[in-house]
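Colleague: Got a structure for you, input-v2.cif, holding mmCIF, C-alpha atoms and all ligand atoms; chains and numbers go by the auth columns.
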```cif
data_protein
#
loop_
_atom_site.group_PDB
_atom_site.id
_atom_site.type_symbol
_atom_site.label_atom_id
_atom_site.label_comp_id
_atom_site.label_asym_id
_atom_site.label_seq_id
_atom_site.Cartn_x
_atom_site.Cartn_y
_atom_site.Cartn_z
_atom_site.B_iso_or_equiv
_atom_site.auth_seq_id
_atom_site.auth_asym_id
ATOM 1 C CA MET A 1 0.000 0.000 0.000 0.00 186 A
ATOM 2 C CA THR A 2 2.688 2.490 1.061 0.00 187 A
ATOM 3 C CA GLU A 3 4.861 1.282 -1.767 0.00 188 A
ATOM 4 C CA GLN A 4 2.124 1.910 -4.269 0.00 189 A
ATOM 5 C CA ARG A 5 1.618 5.422 -3.006 0.00 190 A
ATOM 6 C CA THR A 6 5.330 6.162 -3.325 0.00 191 A
ATOM 7 C CA LEU A 7 5.194 4.934 -6.869 0.00 192 A
ATOM 8 C CA THR A 8 2.230 7.175 -7.682 0.00 193 A
ATOM 9 C CA LEU A 9 4.024 10.173 -6.198 0.00 194 A
ATOM 10 C CA LYS A 10 7.087 9.369 -8.262 0.00 195 A
ATOM 11 C CA MET A 11 4.981 9.224 -11.389 0.00 196 A
ATOM 12 C CA ILE A 12 3.439 12.592 -10.607 0.00 197 A
ATOM 13 C CA ALA A 13 6.904 14.038 -10.046 0.00 198 A
ATOM 14 C CA ALA A 14 8.109 12.621 -13.377 0.00 199 A
ATOM 15 C CA GLY A 15 5.092 14.149 -15.105 0.00 200 A
ATOM 16 C CA ALA A 16 5.825 17.539 -13.580 0.00 201 A
ATOM 17 C CA ALA A 17 9.463 17.324 -14.668 0.00 202 A
ATOM 18 C CA ALA A 18 8.347 16.545 -18.219 0.00 203 A
ATOM 19 C CA LEU A 19 6.062 19.574 -18.166 0.00 204 A
ATOM 20 C CA VAL A 20 8.879 21.843 -16.978 0.00 205 A
ATOM 21 C CA PHE A 21 11.072 20.456 -19.738 0.00 206 A
ATOM 22 C CA THR A 22 8.389 21.127 -22.383 0.00 207 A
ATOM 23 C CA ALA A 23 7.938 24.690 -21.135 0.00 208 A
ATOM 24 C CA ALA A 24 11.694 25.310 -21.329 0.00 209 A
ATOM 25 C CA ALA A 25 11.831 23.913 -24.863 0.00 210 A
ATOM 26 C CA ALA A 26 8.924 26.121 -25.923 0.00 211 A
ATOM 27 C CA GLN A 27 10.643 29.156 -24.479 0.00 212 A
ATOM 28 C CA GLU A 28 13.824 28.307 -26.324 0.00 213 A
ATOM 29 C CA ALA A 29 11.904 27.930 -29.580 0.00 214 A
ATOM 30 C CA ALA A 30 10.445 31.399 -29.056 0.00 215 A
ATOM 31 C CA ALA A 31 13.867 32.901 -28.335 0.00 216 A
ATOM 32 C CA PRO A 32 15.156 33.730 -31.879 0.00 217 A
ATOM 33 C CA GLU A 33 13.157 36.956 -32.255 0.00 218 A
ATOM 34 C CA ALA A 34 14.037 37.935 -28.714 0.00 219 A
ATOM 35 C CA VAL A 35 17.816 37.652 -29.109 0.00 220 A
ATOM 36 C CA SER A 36 18.074 39.291 -32.499 0.00 221 A
ATOM 37 C CA GLU A 37 18.552 42.979 -31.729 0.00 222 A
ATOM 38 C CA GLN A 38 20.657 42.284 -28.718 0.00 223 A
ATOM 39 C CA GLU A 39 23.044 40.075 -30.714 0.00 224 A
ATOM 40 C CA VAL A 40 23.242 42.561 -33.579 0.00 225 A
ATOM 41 C CA ALA A 41 24.130 45.277 -31.078 0.00 226 A
ATOM 42 C CA LYS A 42 26.754 43.014 -29.555 0.00 227 A
ATOM 43 C CA ALA A 43 28.291 42.312 -32.968 0.00 228 A
ATOM 44 C CA LEU A 44 28.330 46.027 -33.776 0.00 229 A
ATOM 45 C CA THR A 45 29.930 47.434 -30.636 0.00 230 A
ATOM 46 C CA ASP A 46 32.889 48.467 -32.786 0.00 231 A
ATOM 47 C CA MET A 47 31.691 49.546 -36.230 0.00 232 A
ATOM 48 C CA SER A 48 35.222 50.436 -37.335 0.00 233 A
ATOM 49 C CA ILE A 49 35.978 46.751 -37.969 0.00 234 A
ATOM 50 C CA ILE A 50 33.251 46.433 -40.638 0.00 235 A
ATOM 51 C CA PRO A 51 35.622 47.203 -43.569 0.00 236 A
ATOM 52 C CA ALA A 52 37.954 44.413 -42.440 0.00 237 A
ATOM 53 C CA GLY A 53 34.925 42.126 -42.334 0.00 238 A
ATOM 54 C CA LYS A 54 34.033 43.121 -45.860 0.00 239 A
ATOM 55 C CA ARG A 55 37.500 42.149 -47.040 0.00 240 A
ATOM 56 C CA SER A 56 37.212 38.818 -45.267 0.00 241 A
ATOM 57 C CA PHE A 57 33.797 38.169 -46.835 0.00 242 A
ATOM 58 C CA VAL A 58 35.615 37.573 -50.131 0.00 243 A
ATOM 59 C CA LYS A 59 36.119 34.058 -48.745 0.00 244 A
ATOM 60 C CA CYS A 60 32.371 33.530 -48.497 0.00 245 A
ATOM 61 C CA GLN A 61 31.212 35.255 -51.678 0.00 246 A
ATOM 62 C CA ALA A 62 31.409 32.257 -53.969 0.00 247 A
ATOM 63 C CA CYS A 63 28.594 30.710 -51.936 0.00 248 A
ATOM 64 C CA HIS A 64 26.833 33.536 -50.056 0.00 249 A
ATOM 65 C CA MET A 65 25.367 36.908 -50.948 0.00 250 A
ATOM 66 C CA VAL A 66 24.516 39.874 -48.742 0.00 251 A
ATOM 67 C CA GLY A 67 22.906 43.193 -49.598 0.00 252 A
ATOM 68 C CA GLU A 68 20.090 44.091 -51.959 0.00 253 A
ATOM 69 C CA ASN A 69 19.371 41.917 -55.029 0.00 254 A
ATOM 70 C CA PHE A 70 20.520 38.854 -53.160 0.00 255 A
ATOM 71 C CA GLN A 71 20.058 35.348 -54.483 0.00 256 A
ATOM 72 C CA ARG A 72 20.665 31.879 -53.320 0.00 257 A
ATOM 73 C CA ARG A 73 24.058 30.555 -54.360 0.00 258 A
ATOM 74 C CA ALA A 74 25.585 27.293 -53.126 0.00 259 A
ATOM 75 C CA GLY A 75 24.723 28.683 -49.672 0.00 260 A
ATOM 76 C CA PRO A 76 21.797 30.812 -48.465 0.00 261 A
ATOM 77 C CA PRO A 77 21.918 34.640 -48.495 0.00 262 A
ATOM 78 C CA LEU A 78 23.158 35.907 -45.132 0.00 263 A
ATOM 79 C CA ASN A 79 21.169 39.140 -44.664 0.00 264 A
ATOM 80 C CA GLY A 80 19.928 39.339 -41.070 0.00 265 A
ATOM 81 C CA VAL A 81 21.625 36.121 -40.066 0.00 266 A
ATOM 82 C CA VAL A 82 23.143 37.478 -36.829 0.00 267 A
ATOM 83 C CA GLY A 83 20.722 36.758 -33.985 0.00 268 A
ATOM 84 C CA ARG A 84 18.433 34.609 -36.149 0.00 269 A
ATOM 85 C CA ALA A 85 17.606 30.954 -35.673 0.00 270 A
ATOM 86 C CA ALA A 86 19.784 28.637 -37.767 0.00 271 A
ATOM 87 C CA GLY A 87 18.503 27.018 -40.937 0.00 272 A
ATOM 88 C CA LYS A 88 15.557 29.352 -41.505 0.00 273 A
ATOM 89 C CA ASN A 89 15.890 30.506 -45.118 0.00 274 A
ATOM 90 C CA GLU A 90 12.759 29.142 -46.710 0.00 275 A
ATOM 91 C CA GLU A 91 14.180 28.980 -50.208 0.00 276 A
ATOM 92 C CA PHE A 92 17.207 26.995 -49.210 0.00 277 A
ATOM 93 C CA ARG A 93 17.511 23.254 -48.719 0.00 278 A
ATOM 94 C CA TYR A 94 19.767 22.762 -45.733 0.00 279 A
ATOM 95 C CA SER A 95 21.658 19.606 -44.908 0.00 280 A
ATOM 96 C CA PRO A 96 20.104 17.100 -42.484 0.00 281 A
ATOM 97 C CA GLY A 97 22.850 18.176 -40.060 0.00 282 A
ATOM 98 C CA MET A 98 21.739 21.822 -40.194 0.00 283 A
ATOM 99 C CA ASN A 99 18.096 20.816 -39.887 0.00 284 A
ATOM 100 C CA THR A 100 18.936 18.821 -36.782 0.00 285 A
ATOM 101 C CA VAL A 101 20.664 21.684 -34.964 0.00 286 A
ATOM 102 C CA ALA A 102 17.881 24.017 -36.128 0.00 287 A
ATOM 103 C CA ALA A 103 15.270 21.690 -34.617 0.00 288 A
ATOM 104 C CA GLU A 104 17.296 21.676 -31.410 0.00 289 A
ATOM 105 C CA GLY A 105 16.963 25.452 -31.336 0.00 290 A
ATOM 106 C CA LEU A 106 20.394 26.671 -32.472 0.00 291 A
ATOM 107 C CA VAL A 107 20.431 30.444 -32.833 0.00 292 A
ATOM 108 C CA TRP A 108 23.189 32.397 -34.601 0.00 293 A
ATOM 109 C CA THR A 109 24.247 34.368 -31.592 0.00 294 A
ATOM 110 C CA VAL A 110 27.618 36.062 -31.919 0.00 295 A
ATOM 111 C CA GLU A 111 29.085 33.231 -29.893 0.00 296 A
ATOM 112 C CA ASN A 112 27.588 30.425 -32.003 0.00 297 A
ATOM 113 C CA LEU A 113 28.470 32.144 -35.265 0.00 298 A
ATOM 114 C CA ASP A 114 32.004 32.616 -34.048 0.00 299 A
ATOM 115 C CA ALA A 115 32.265 28.901 -33.247 0.00 300 A
ATOM 116 C CA TYR A 116 30.712 27.924 -36.613 0.00 301 A
ATOM 117 C CA LEU A 117 33.057 30.149 -38.586 0.00 302 A
ATOM 118 C CA LYS A 118 36.016 28.773 -36.690 0.00 303 A
ATOM 119 C CA ALA A 119 35.112 25.113 -37.198 0.00 304 A
ATOM 120 C CA PRO A 120 31.845 24.577 -39.125 0.00 305 A
ATOM 121 C CA ARG A 121 31.677 20.830 -38.635 0.00 306 A
ATOM 122 C CA GLU A 122 32.117 21.010 -34.890 0.00 307 A
ATOM 123 C CA VAL A 123 29.053 23.189 -34.436 0.00 308 A
ATOM 124 C CA VAL A 124 26.937 21.579 -37.157 0.00 309 A
ATOM 125 C CA PRO A 125 27.935 17.938 -37.581 0.00 310 A
ATOM 126 C CA GLY A 126 27.345 16.931 -41.185 0.00 311 A
ATOM 127 C CA THR A 127 27.073 20.500 -42.494 0.00 312 A
ATOM 128 C CA THR A 128 27.437 20.786 -46.248 0.00 313 A
ATOM 129 C CA MET A 129 29.205 24.122 -45.939 0.00 314 A
ATOM 130 C CA GLY A 130 32.484 23.319 -47.664 0.00 315 A
ATOM 131 C CA PHE A 131 34.596 25.724 -45.720 0.00 316 A
ATOM 132 C CA ALA A 132 37.550 24.881 -43.476 0.00 317 A
ATOM 133 C CA GLY A 133 37.085 27.741 -41.033 0.00 318 A
ATOM 134 C CA ILE A 134 38.783 30.982 -40.042 0.00 319 A
ATOM 135 C CA PRO A 135 41.416 30.476 -37.355 0.00 320 A
ATOM 136 C CA LYS A 136 41.903 34.156 -36.381 0.00 321 A
ATOM 137 C CA ALA A 137 39.486 35.478 -33.752 0.00 322 A
ATOM 138 C CA GLU A 138 39.803 39.143 -34.899 0.00 323 A
ATOM 139 C CA GLU A 139 38.983 38.176 -38.454 0.00 324 A
ATOM 140 C CA ARG A 140 35.867 36.297 -37.309 0.00 325 A
ATOM 141 C CA ALA A 141 34.758 39.246 -35.186 0.00 326 A
ATOM 142 C CA ALA A 142 35.131 41.607 -38.152 0.00 327 A
ATOM 143 C CA LEU A 143 33.223 39.243 -40.403 0.00 328 A
ATOM 144 C CA ILE A 144 30.396 38.922 -37.876 0.00 329 A
ATOM 145 C CA ALA A 145 30.240 42.728 -37.574 0.00 330 A
ATOM 146 C CA TYR A 146 30.032 42.989 -41.370 0.00 331 A
ATOM 147 C CA LEU A 147 27.207 40.417 -41.457 0.00 332 A
ATOM 148 C CA ALA A 148 25.404 42.175 -38.589 0.00 333 A
ATOM 149 C CA SER A 149 25.399 45.403 -40.618 0.00 334 A
ATOM 150 C CA PHE A 150 22.950 43.869 -43.137 0.00 335 A
ATOM 151 C CA LYS A 151 19.299 43.828 -42.175 0.00 336 A
ATOM 152 C CA GLU A 152 16.930 41.092 -43.281 0.00 337 A
ATOM 153 C CA ASP A 153 15.941 43.015 -46.451 0.00 338 A
ATOM 154 C CA GLY A 154 19.561 43.619 -47.438 0.00 339 A
ATOM 155 C CA SER A 155 19.656 47.273 -46.409 0.00 340 A
ATOM 156 C CA ARG A 156 22.387 48.445 -44.020 0.00 341 A
ATOM 157 C CA VAL A 157 22.216 49.480 -40.406 0.00 342 A
ATOM 158 C CA GLU A 158 22.765 53.144 -39.735 0.00 343 A
ATOM 159 C CA GLY A 159 26.434 54.054 -39.688 0.00 344 A
ATOM 160 C CA ALA A 160 27.651 51.196 -41.882 0.00 345 A
ATOM 161 C CA THR A 161 29.396 52.924 -44.748 0.00 346 A
ATOM 162 C CA GLU A 162 31.311 50.037 -46.219 0.00 347 A
HETATM 163 C C1 LIG B . 31.780 26.448 -50.662 0.00 401 B
HETATM 164 C C2 LIG B . 30.611 27.195 -50.319 0.00 401 B
HETATM 165 C C3 LIG B . 30.596 27.965 -49.012 0.00 401 B
HETATM 166 C C4 LIG B . 31.541 28.856 -48.522 0.00 401 B
HETATM 167 C C5 LIG B . 32.879 29.246 -49.123 0.00 401 B
HETATM 168 C C6 LIG B . 30.976 29.390 -47.297 0.00 401 B
HETATM 169 N N1 LIG B . 29.743 28.842 -47.060 0.00 401 B
HETATM 170 FE FE1 LIG B . 28.510 29.259 -45.483 0.00 401 B
HETATM 171 N N2 LIG B . 27.211 27.859 -46.122 0.00 401 B
HETATM 172 C C7 LIG B . 27.350 27.095 -47.265 0.00 401 B
HETATM 173 C C8 LIG B . 26.292 26.114 -47.315 0.00 401 B
HETATM 174 C C9 LIG B . 26.079 25.066 -48.407 0.00 401 B
HETATM 175 C C10 LIG B . 25.512 26.325 -46.157 0.00 401 B
HETATM 176 C C11 LIG B . 24.336 25.486 -45.692 0.00 401 B
HETATM 177 C C12 LIG B . 24.956 24.421 -44.820 0.00 401 B
HETATM 178 C C13 LIG B . 24.068 23.284 -44.377 0.00 401 B
HETATM 179 O O1 LIG B . 22.896 23.216 -44.760 0.00 401 B
HETATM 180 O O2 LIG B . 24.609 22.449 -43.622 0.00 401 B
HETATM 181 C C14 LIG B . 26.120 27.436 -45.434 0.00 401 B
HETATM 182 C C15 LIG B . 25.618 27.966 -44.256 0.00 401 B
HETATM 183 C C16 LIG B . 26.108 29.080 -43.628 0.00 401 B
HETATM 184 C C17 LIG B . 25.511 29.738 -42.489 0.00 401 B
HETATM 185 C C18 LIG B . 24.203 29.344 -41.817 0.00 401 B
HETATM 186 C C19 LIG B . 23.072 30.055 -42.545 0.00 401 B
HETATM 187 C C20 LIG B . 21.687 29.799 -42.013 0.00 401 B
HETATM 188 O O3 LIG B . 20.735 30.213 -42.704 0.00 401 B
HETATM 189 O O4 LIG B . 21.520 29.204 -40.943 0.00 401 B
HETATM 190 C C21 LIG B . 26.296 30.809 -42.176 0.00 401 B
HETATM 191 C C22 LIG B . 26.074 31.809 -41.061 0.00 401 B
HETATM 192 C C23 LIG B . 27.393 30.809 -43.111 0.00 401 B
HETATM 193 N N3 LIG B . 27.250 29.751 -43.978 0.00 401 B
HETATM 194 C C24 LIG B . 28.396 31.751 -43.119 0.00 401 B
HETATM 195 C C25 LIG B . 29.504 31.699 -43.972 0.00 401 B
HETATM 196 C C26 LIG B . 30.570 32.675 -43.955 0.00 401 B
HETATM 197 C C27 LIG B . 30.608 33.909 -43.079 0.00 401 B
HETATM 198 C C28 LIG B . 31.490 32.257 -44.874 0.00 401 B
HETATM 199 C C29 LIG B . 32.825 32.887 -45.204 0.00 401 B
HETATM 200 C C30 LIG B . 33.770 32.944 -44.130 0.00 401 B
HETATM 201 C C31 LIG B . 30.974 31.053 -45.499 0.00 401 B
HETATM 202 N N4 LIG B . 29.766 30.746 -44.918 0.00 401 B
HETATM 203 C C32 LIG B . 31.593 30.344 -46.506 0.00 401 B
HETATM 204 C C33 LIG B . 28.337 27.210 -48.220 0.00 401 B
HETATM 205 C C34 LIG B . 29.482 27.964 -48.080 0.00 401 B
#
```
Let's see the structure in the file written out as structure tokens.

Modeller:
Amino acid sequence: MTEQRTLTLKMIAAGAAALVFTAAAAQEAAAPEAVSEQEVAKALTDMSIIPAGKRSFVKCQACHMVGENFQRRAGPPLNGVVGRAAGKNEEFRYSPGMNTVAAEGLVWTVENLDAYLKAPREVVPGTTMGFAGIPKAEERAALIAYLASFKEDGSRVEGATE
């Protein structure tokens, strides 16, 4: 009798834990919009590094476009990517690896982008982005600032001249 009651209590506790977990997952899924502006601001704390980022973007250009009149190349356009959830360009077919991390709620925060640009396959196992990575931290920071200066529609944030 006592044993049975303990069991029932345990089951209730497990149910409650599952509910808490679901609520946390739902909150995480809702996070992308919330982080966006904050992450863009973080990436743009020093706008003077944008030109260096533009020079570095030469390495990405074969596969990615930014700015107005953008199109899909081998990779998706990257306007507005900083602070956005991963794998969300509707016209692009991502790899199963990217879809997996996207389903898990990966957001392109400055930190996650930095890690992806350093070692793409470590952040997104099975990614089809054929790019070895950028070893230098300053170069990645400049590149992320350059990307952050493009809004979703391809226009630039105020103050981005290059
Ligand atoms: C050889 C082509 C190629 C090059 C070069 C390349 N990428 Fe990619 N990139 C891709 C592909 C393909 C994907 C989609 C990957 C997937 O689905 O796994 C991608 C995905 C991305 C994503 C995720 C986009 C999203 O919508 O979630 C970012 C950010 C990104 N690339 C940034 C860069 C940057 C910055 C550079 C230059 C340093 C670069 N890439 C160089 C092909 C490339």

Colleague: Give the residue list for ligand LIG 401 (chain B) at 8 Å, counting all atoms listed in the file, as a tab-separated table (two decimals) with C-alpha atoms, in the frame of the given file, sorted by chain and then by residue number.

Modeller:
```tsv
chain	number	residue	atom	x	y	z
A	241	SER	CA	37.21	38.82	-45.27
A	242	PHE	CA	33.80	38.17	-46.84
A	243	VAL	CA	35.62	37.57	-50.13
A	244	LYS	CA	36.12	34.06	-48.74
A	245	CYS	CA	32.37	33.53	-48.50
A	246	GLN	CA	31.21	35.26	-51.68
A	247	ALA	CA	31.41	32.26	-53.97
A	248	CYS	CA	28.59	30.71	-51.94
A	249	HIS	CA	26.83	33.54	-50.06
A	259	ALA	CA	25.58	27.29	-53.13
A	260	GLY	CA	24.72	28.68	-49.67
A	261	PRO	CA	21.80	30.81	-48.46
A	262	PRO	CA	21.92	34.64	-48.50
A	263	LEU	CA	23.16	35.91	-45.13
A	266	VAL	CA	21.62	36.12	-40.07
A	267	VAL	CA	23.14	37.48	-36.83
A	269	ARG	CA	18.43	34.61	-36.15
A	270	ALA	CA	17.61	30.95	-35.67
A	271	ALA	CA	19.78	28.64	-37.77
A	272	GLY	CA	18.50	27.02	-40.94
A	273	LYS	CA	15.56	29.35	-41.50
A	274	ASN	CA	15.89	30.51	-45.12
A	278	ARG	CA	17.51	23.25	-48.72
A	279	TYR	CA	19.77	22.76	-45.73
A	280	SER	CA	21.66	19.61	-44.91
A	281	PRO	CA	20.10	17.10	-42.48
A	282	GLY	CA	22.85	18.18	-40.06
A	283	MET	CA	21.74	21.82	-40.19
A	284	ASN	CA	18.10	20.82	-39.89
A	287	ALA	CA	17.88	24.02	-36.13
A	293	TRP	CA	23.19	32.40	-34.60
A	298	LEU	CA	28.47	32.14	-35.26
A	301	TYR	CA	30.71	27.92	-36.61
A	302	LEU	CA	33.06	30.15	-38.59
A	309	VAL	CA	26.94	21.58	-37.16
A	311	GLY	CA	27.34	16.93	-41.18
A	312	THR	CA	27.07	20.50	-42.49
A	313	THR	CA	27.44	20.79	-46.25
A	314	MET	CA	29.20	24.12	-45.94
A	315	GLY	CA	32.48	23.32	-47.66
A	316	PHE	CA	34.60	25.72	-45.72
A	318	GLY	CA	37.08	27.74	-41.03
A	319	ILE	CA	38.78	30.98	-40.04
A	325	ARG	CA	35.87	36.30	-37.31
A	328	LEU	CA	33.22	39.24	-40.40
A	329	ILE	CA	30.40	38.92	-37.88
A	332	LEU	CA	27.21	40.42	-41.46
```

Colleague: Which distance in Å separates atom CA of A:Asn254 and atom CA of A:Glu343, to one decimal?

Modeller: 19.3 Å

Colleague: Report, in Å with one decimal, the straight-line distance from atom CA of A:Glu337 to atom CA of A:Ala226.

Modeller: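 That distance, rounded to one decimal, is 14.8 Å.
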
Colleague: Running the PyMOL selection byres (((chain A and resi 290) around 8) and not hetatm) on this model by hand, what would come out? Give it as an mmCIF file with C-alpha atoms, keeping the file's coordinate frame.

Modeller:
```cif
data_model
loop_
_atom_site.group_PDB
_atom_site.id
_atom_site.type_symbol
_atom_site.label_atom_id
_atom_site.label_comp_id
_atom_site.auth_asym_id
_atom_site.auth_seq_id
_atom_site.Cartn_x
_atom_site.Cartn_y
_atom_site.Cartn_z
ATOM 1 C CA GLU A 213 13.824 28.307 -26.324
ATOM 2 C CA ALA A 214 11.904 27.930 -29.580
ATOM 3 C CA ALA A 270 17.606 30.954 -35.673
ATOM 4 C CA ALA A 271 19.784 28.637 -37.767
ATOM 5 C CA VAL A 286 20.664 21.684 -34.964
ATOM 6 C CA ALA A 287 17.881 24.017 -36.128
ATOM 7 C CA ALA A 288 15.270 21.690 -34.617
ATOM 8 C CA GLU A 289 17.296 21.676 -31.410
ATOM 9 C CA LEU A 291 20.394 26.671 -32.472
ATOM 10 C CA VAL A 292 20.431 30.444 -32.833
#
```

Colleague: Have a look at A:Gly339, A:Ala304, A:Ala345, A:Gly238 and name the one nearest to A:Phe255; count all atoms listed in the file.

Modeller: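 Closest to A:Phe255, using all atoms listed in the file: A:Gly339.
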
Colleague: State, in Å with one decimal place, the distance from atom CA of A:Thr294 to atom CA of A:Ser221.

Modeller: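 These two atoms are separated by 7.9 Å.
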
Colleague: Using all atoms listed in the file, pick whichever of A:Pro305, A:Gly268, A:Pro236, A:Pro320 has the shortest atom-to-atom distance to A:Thr346.

Modeller: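 Among the listed residues, A:Pro236 lies closest to A:Thr346.
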
Colleague: Just checking: using only C-alpha atoms, which residue out of A:Gln256, A:Glu324, A:Arg240, A:Ala330 ends up closest to A:Lys227?

Modeller: A:Ala330

Colleague: Name the closest residue to A:Val251 among the candidates A:Thr230, A:Ser334, A:Asn297, A:Thr285; distances are taken between atoms, counting all atoms listed in the file.

Modeller: A:Ser334

Colleague: Just want the 7 Å neighbourhood of A:Ile235, counted on only C-alpha atoms, with same-chain residues fewer than 4 positions away dropped. Output as a list of chain:residue names.

Modeller: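 So the residues in contact are A:Lys239, A:Ala327, A:Ala330, A:Tyr331, A:Glu347.
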
Colleague: Taking C-alpha atoms for each residue, export the selection above as a compact mmCIF listing (two decimals), in the frame of the given file.

Modeller:
```txt
# COMPACT_ATOMS: atom_id res chain seq x y z
CA LYS A 239 34.03 43.12 -45.86
CA ALA A 327 35.13 41.61 -38.15
CA ALA A 330 30.24 42.73 -37.57
CA TYR A 331 30.03 42.99 -41.37
CA GLU A 347 31.31 50.04 -46.22
```

Colleague: From the options A:Val342, A:Pro310, A:Val225, A:Arg258, which residue's atoms come nearest to A:Phe277, counting all atoms listed in the file?

Modeller: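 Among the listed residues, the smallest separation from A:Phe277 belongs to A:Arg258.
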
Colleague: Go through A:Glu253, A:Glu224, A:Glu275, A:Asp231 and flag the residue nearest A:Asp338, using only C-alpha atoms for the distances.

Modeller: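 Selected residue with least distance to A:Asp338: A:Glu253.
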